[in-house]
Amino acid sequence: MKTITISRQYGSGGRDVAKQLAEKLGIPCYDNEVISLAAKESDLQPWEFQMAEDMRNTNFIYALSAIAPRSDVNEMSYNGKIFQVQSDAMTKMAAQGPAVFLGRCGNYVLRKTDAVHIFLCGSVEERTKRAVAQYGLAERDAENEVRRLDRQRGAYFGVNTGWKWGEGVHYDLVINTDRLGVEGTVQVILDYLAQLK
């Protein structure tokens, strides 16, 4: 049994894949739980972690750091601290036993472990359909939102890791979920894991 990290383009079904995979393997699935532990073990609030992910490409974090009660904080050290605390929490959770980790640069954070790293992708068209049908995005805005969130995730990943988001060399398995859907993707991952034994 191995720990698995799942990175994904928005709308590729990553959250559903992670949950179903964890259920089939009988191991925990961690998403926002990483943030909860990180906040608990630091002087940061959960919203600060979420804001760092959501607002990476804006000046919000810089403005926040200027008014934060930490006088020596600047934009890079504030974001760097958030990422480090979150990474420490993920590493601590991974040390407790096999689990599925969703997002949060898991393939980078756990790169020195025996974890299996997966990237899920798909066409903009199919991901937009999923975003409308399952995530409730307005149809007229969905494609732009899918593209925006991909840019946001890519920027967050790149700033914190120095790697290019979605580049195959950083993953053990890259899967296009368009034809396979969630169930088919889970089965491909299970088949892959079986080959590693």
# chains A, B, ... in the order shown; residues from 1 in each chain; ligands from 1
call {"tool": "residues_around", "arguments": {"residues": "stretch 7-11 of chain A", "least_positions_apart": "5", "cutoff": "7 Å", "atoms": "only C-alpha atoms", "output": "PyMOL selection string"}}
result
chain A and resi 102-103+118-121+127-128+130-131+146+149-150
call {"tool": "write_last_selection", "arguments": {"atoms": "N, CA and C atoms", "output": "PDB file, in the first residue's frame"}}
result
ATOM      1  N   LEU A 102      -4.952  15.178  -2.054  1.00  0.00           N
ATOM      2  CA  LEU A 102      -5.458  15.904  -3.214  1.00  0.00           C
ATOM      3  C   LEU A 102      -4.852  17.299  -3.260  1.00  0.00           C
ATOM      4  N   GLY A 103      -4.164  17.595  -4.353  1.00  0.00           N
ATOM      5  CA  GLY A 103      -3.632  18.931  -4.578  1.00  0.00           C
ATOM      6  C   GLY A 103      -2.543  19.350  -3.616  1.00  0.00           C
ATOM      7  N   ILE A 118       0.178  11.300  -9.297  1.00  0.00           N
ATOM      8  CA  ILE A 118      -0.723  11.217 -10.444  1.00  0.00           C
ATOM      9  C   ILE A 118      -1.191  12.615 -10.831  1.00  0.00           C
ATOM     10  N   PHE A 119      -1.284  12.852 -12.136  1.00  0.00           N
ATOM     11  CA  PHE A 119      -1.836  14.109 -12.640  1.00  0.00           C
ATOM     12  C   PHE A 119      -3.021  13.787 -13.542  1.00  0.00           C
ATOM     13  N   LEU A 120      -4.163  14.432 -13.265  1.00  0.00           N
ATOM     14  CA  LEU A 120      -5.374  14.238 -14.064  1.00  0.00           C
ATOM     15  C   LEU A 120      -5.621  15.472 -14.915  1.00  0.00           C
ATOM     16  N   CYS A 121      -5.935  15.228 -16.182  1.00  0.00           N
ATOM     17  CA  CYS A 121      -6.174  16.332 -17.104  1.00  0.00           C
ATOM     18  C   CYS A 121      -7.344  15.976 -18.014  1.00  0.00           C
ATOM     19  N   ARG A 127     -14.012  19.350 -19.515  1.00  0.00           N
ATOM     20  CA  ARG A 127     -13.904  19.865 -18.159  1.00  0.00           C
ATOM     21  C   ARG A 127     -14.924  20.972 -17.903  1.00  0.00           C
ATOM     22  N   THR A 128     -15.209  21.748 -18.942  1.00  0.00           N
ATOM     23  CA  THR A 128     -16.226  22.785 -18.813  1.00  0.00           C
ATOM     24  C   THR A 128     -17.602  22.167 -18.614  1.00  0.00           C
ATOM     25  N   ARG A 130     -18.255  19.320 -17.202  1.00  0.00           N
ATOM     26  CA  ARG A 130     -18.309  18.812 -15.841  1.00  0.00           C
ATOM     27  C   ARG A 130     -18.494  19.955 -14.846  1.00  0.00           C
ATOM     28  N   ALA A 131     -17.813  21.070 -15.092  1.00  0.00           N
ATOM     29  CA  ALA A 131     -17.915  22.219 -14.187  1.00  0.00           C
ATOM     30  C   ALA A 131     -19.343  22.750 -14.129  1.00  0.00           C
ATOM     31  N   VAL A 146     -12.800  27.825 -15.903  1.00  0.00           N
ATOM     32  CA  VAL A 146     -11.931  26.651 -15.974  1.00  0.00           C
ATOM     33  C   VAL A 146     -10.511  27.076 -16.338  1.00  0.00           C
ATOM     34  N   LEU A 149      -8.864  29.078 -13.383  1.00  0.00           N
ATOM     35  CA  LEU A 149      -8.442  28.237 -12.268  1.00  0.00           C
ATOM     36  C   LEU A 149      -7.221  27.397 -12.623  1.00  0.00           C
ATOM     37  N   ASP A 150      -7.125  26.972 -13.866  1.00  0.00           N
ATOM     38  CA  ASP A 150      -5.914  26.275 -14.305  1.00  0.00           C
ATOM     39  C   ASP A 150      -4.694  27.188 -14.197  1.00  0.00           C
TER      40      ASP A 150
END
call {"tool": "select_by_dssp", "arguments": {"residues": "chain A", "states": "strand (DSSP E)", "output": "list in words"}}
result
Ile4, Thr5, Ile6, Ser7, Arg8, Cys29, Tyr30, Val100, Phe101, Leu102, Val116, His117, Ile118, Phe119, Leu120, Cys121, Leu173, Val174, Ile175 and Asn176 of chain A
call {"tool": "write_last_selection", "arguments": {"atoms": "N, CA and C atoms", "output": "PDB file, in the first residue's frame"}}
result
ATOM      1  N   ILE A   4      -0.612   8.180  -2.156  1.00  0.00           N
ATOM      2  CA  ILE A   4      -0.854   8.656  -3.516  1.00  0.00           C
ATOM      3  C   ILE A   4      -1.141  10.143  -3.475  1.00  0.00           C
ATOM      4  N   THR A   5      -0.513  10.891  -4.362  1.00  0.00           N
ATOM      5  CA  THR A   5      -0.854  12.302  -4.507  1.00  0.00           C
ATOM      6  C   THR A   5      -1.559  12.476  -5.845  1.00  0.00           C
ATOM      7  N   ILE A   6      -2.609  13.289  -5.831  1.00  0.00           N
ATOM      8  CA  ILE A   6      -3.349  13.566  -7.061  1.00  0.00           C
ATOM      9  C   ILE A   6      -3.375  15.065  -7.300  1.00  0.00           C
ATOM     10  N   SER A   7      -2.783  15.465  -8.405  1.00  0.00           N
ATOM     11  CA  SER A   7      -2.856  16.841  -8.881  1.00  0.00           C
ATOM     12  C   SER A   7      -3.797  16.818 -10.073  1.00  0.00           C
ATOM     13  N   ARG A   8      -4.463  17.956 -10.336  1.00  0.00           N
ATOM     14  CA  ARG A   8      -5.442  17.882 -11.421  1.00  0.00           C
ATOM     15  C   ARG A   8      -5.774  19.259 -11.976  1.00  0.00           C
ATOM     16  N   CYS A  29      -8.491   9.887   2.714  1.00  0.00           N
ATOM     17  CA  CYS A  29      -8.341  10.869   1.640  1.00  0.00           C
ATOM     18  C   CYS A  29      -8.256  12.247   2.294  1.00  0.00           C
ATOM     19  N   TYR A  30      -7.175  12.945   2.043  1.00  0.00           N
ATOM     20  CA  TYR A  30      -6.956  14.245   2.668  1.00  0.00           C
ATOM     21  C   TYR A  30      -6.997  15.360   1.629  1.00  0.00           C
ATOM     22  N   VAL A 100      -4.445   9.134   0.435  1.00  0.00           N
ATOM     23  CA  VAL A 100      -4.551   9.859  -0.835  1.00  0.00           C
ATOM     24  C   VAL A 100      -4.580  11.340  -0.498  1.00  0.00           C
ATOM     25  N   PHE A 101      -3.660  12.103  -1.091  1.00  0.00           N
ATOM     26  CA  PHE A 101      -3.604  13.552  -0.892  1.00  0.00           C
ATOM     27  C   PHE A 101      -4.026  14.242  -2.180  1.00  0.00           C
ATOM     28  N   LEU A 102      -4.952  15.178  -2.054  1.00  0.00           N
ATOM     29  CA  LEU A 102      -5.458  15.904  -3.214  1.00  0.00           C
ATOM     30  C   LEU A 102      -4.852  17.299  -3.260  1.00  0.00           C
ATOM     31  N   VAL A 116       3.175   7.576  -4.843  1.00  0.00           N
ATOM     32  CA  VAL A 116       2.877   7.537  -6.273  1.00  0.00           C
ATOM     33  C   VAL A 116       2.178   8.843  -6.628  1.00  0.00           C
ATOM     34  N   HIS A 117       2.681   9.513  -7.655  1.00  0.00           N
ATOM     35  CA  HIS A 117       2.181  10.838  -8.017  1.00  0.00           C
ATOM     36  C   HIS A 117       1.407  10.778  -9.336  1.00  0.00           C
ATOM     37  N   ILE A 118       0.178  11.300  -9.297  1.00  0.00           N
ATOM     38  CA  ILE A 118      -0.723  11.217 -10.444  1.00  0.00           C
ATOM     39  C   ILE A 118      -1.191  12.615 -10.831  1.00  0.00           C
ATOM     40  N   PHE A 119      -1.284  12.852 -12.136  1.00  0.00           N
ATOM     41  CA  PHE A 119      -1.836  14.109 -12.640  1.00  0.00           C
ATOM     42  C   PHE A 119      -3.021  13.787 -13.542  1.00  0.00           C
ATOM     43  N   LEU A 120      -4.163  14.432 -13.265  1.00  0.00           N
ATOM     44  CA  LEU A 120      -5.374  14.238 -14.064  1.00  0.00           C
ATOM     45  C   LEU A 120      -5.621  15.472 -14.915  1.00  0.00           C
ATOM     46  N   CYS A 121      -5.935  15.228 -16.182  1.00  0.00           N
ATOM     47  CA  CYS A 121      -6.174  16.332 -17.104  1.00  0.00           C
ATOM     48  C   CYS A 121      -7.344  15.976 -18.014  1.00  0.00           C
ATOM     49  N   LEU A 173       2.135   8.913 -13.257  1.00  0.00           N
ATOM     50  CA  LEU A 173       1.044   8.570 -14.157  1.00  0.00           C
ATOM     51  C   LEU A 173       0.251   9.822 -14.493  1.00  0.00           C
ATOM     52  N   VAL A 174       0.065  10.088 -15.774  1.00  0.00           N
ATOM     53  CA  VAL A 174      -0.752  11.208 -16.242  1.00  0.00           C
ATOM     54  C   VAL A 174      -1.940  10.615 -16.982  1.00  0.00           C
ATOM     55  N   ILE A 175      -3.145  10.990 -16.577  1.00  0.00           N
ATOM     56  CA  ILE A 175      -4.354  10.397 -17.159  1.00  0.00           C
ATOM     57  C   ILE A 175      -5.289  11.488 -17.662  1.00  0.00           C
ATOM     58  N   ASN A 176      -5.719  11.344 -18.912  1.00  0.00           N
ATOM     59  CA  ASN A 176      -6.769  12.192 -19.470  1.00  0.00           C
ATOM     60  C   ASN A 176      -8.098  11.518 -19.118  1.00  0.00           C
TER      61      ASN A 176
END
call {"tool": "atom_distance", "arguments": {"atom1": "atom CA of A:Asp31", "atom2": "atom CA of A:Ala89"}}
result
11.6 Å
call {"tool": "atom_distance", "arguments": {"atom1": "atom CA of A:Arg15", "atom2": "atom CA of A:Ala155"}}
result
20.1 Å
call {"tool": "closest_residue", "arguments": {"among": "A:Cys105, A:Met1, A:Val169, A:Ala52", "to": "A:Ile82", "atoms": "only C-alpha atoms"}}
result
A:Ala52
call {"tool": "residues_around", "arguments": {"residues": "A:Gly184", "least_positions_apart": "5", "cutoff": "12 Å", "atoms": "only C-alpha atoms", "output": "PDB file with N, CA and C atoms, in the first residue's frame"}}
result
ATOM      1  N   GLY A  13     -12.292  15.991 -12.568  1.00  0.00           N
ATOM      2  CA  GLY A  13     -12.883  14.982 -11.692  1.00  0.00           C
ATOM      3  C   GLY A  13     -11.964  14.515 -10.585  1.00  0.00           C
ATOM      4  N   ASP A  16     -13.463  13.585  -6.998  1.00  0.00           N
ATOM      5  CA  ASP A  16     -14.221  12.329  -7.009  1.00  0.00           C
ATOM      6  C   ASP A  16     -13.296  11.126  -7.169  1.00  0.00           C
ATOM      7  N   VAL A  17     -12.289  11.260  -8.022  1.00  0.00           N
ATOM      8  CA  VAL A  17     -11.324  10.174  -8.207  1.00  0.00           C
ATOM      9  C   VAL A  17     -10.603   9.887  -6.896  1.00  0.00           C
ATOM     10  N   GLN A  20     -13.026   8.132  -4.356  1.00  0.00           N
ATOM     11  CA  GLN A  20     -13.330   6.741  -4.720  1.00  0.00           C
ATOM     12  C   GLN A  20     -12.108   5.848  -4.597  1.00  0.00           C
ATOM     13  N   LEU A  21     -10.963   6.372  -4.986  1.00  0.00           N
ATOM     14  CA  LEU A  21      -9.726   5.593  -4.889  1.00  0.00           C
ATOM     15  C   LEU A  21      -9.415   5.267  -3.441  1.00  0.00           C
ATOM     16  N   ILE A 175      -3.145  10.990 -16.577  1.00  0.00           N
ATOM     17  CA  ILE A 175      -4.354  10.397 -17.159  1.00  0.00           C
ATOM     18  C   ILE A 175      -5.289  11.488 -17.662  1.00  0.00           C
ATOM     19  N   ASN A 176      -5.719  11.344 -18.912  1.00  0.00           N
ATOM     20  CA  ASN A 176      -6.769  12.192 -19.470  1.00  0.00           C
ATOM     21  C   ASN A 176      -8.098  11.518 -19.118  1.00  0.00           C
ATOM     22  N   THR A 177      -8.933  12.209 -18.360  1.00  0.00           N
ATOM     23  CA  THR A 177     -10.166  11.603 -17.858  1.00  0.00           C
ATOM     24  C   THR A 177     -11.352  11.735 -18.814  1.00  0.00           C
ATOM     25  N   ASP A 178     -11.165  12.350 -19.964  1.00  0.00           N
ATOM     26  CA  ASP A 178     -12.277  12.601 -20.890  1.00  0.00           C
ATOM     27  C   ASP A 178     -13.051  11.325 -21.218  1.00  0.00           C
ATOM     28  N   ARG A 179     -12.363  10.304 -21.664  1.00  0.00           N
ATOM     29  CA  ARG A 179     -13.032   9.079 -22.092  1.00  0.00           C
ATOM     30  C   ARG A 179     -13.274   8.113 -20.939  1.00  0.00           C
ATOM     31  N   ILE A 189      -5.788   3.607 -12.223  1.00  0.00           N
ATOM     32  CA  ILE A 189      -4.856   3.829 -11.117  1.00  0.00           C
ATOM     33  C   ILE A 189      -4.658   2.556 -10.306  1.00  0.00           C
ATOM     34  N   LEU A 190      -5.758   1.855 -10.034  1.00  0.00           N
ATOM     35  CA  LEU A 190      -5.662   0.590  -9.288  1.00  0.00           C
ATOM     36  C   LEU A 190      -4.821  -0.429 -10.053  1.00  0.00           C
ATOM     37  N   ASP A 191      -5.021  -0.496 -11.368  1.00  0.00           N
ATOM     38  CA  ASP A 191      -4.229  -1.405 -12.200  1.00  0.00           C
ATOM     39  C   ASP A 191      -2.754  -1.044 -12.156  1.00  0.00           C
TER      40      ASP A 191
END
call {"tool": "atom_distance", "arguments": {"atom1": "atom CA of A:Thr161", "atom2": "atom CA of A:Leu110"}}
result
11.8 Å
call {"tool": "closest_residue", "arguments": {"among": "A:Gln84, A:Asn32, A:Ser42, A:Ser12", "to": "A:Ser123", "atoms": "only C-alpha atoms"}}
result
A:Ser12
call {"tool": "select_by_dssp", "arguments": {"residues": "stretch 26-197 of chain A", "states": "helix (DSSP H, G or I)", "output": "PyMOL selection string"}}
result
chain A and resi 32-40+46-54+60-67+75-94+106-109+124-135+139-161+168-170+177-195
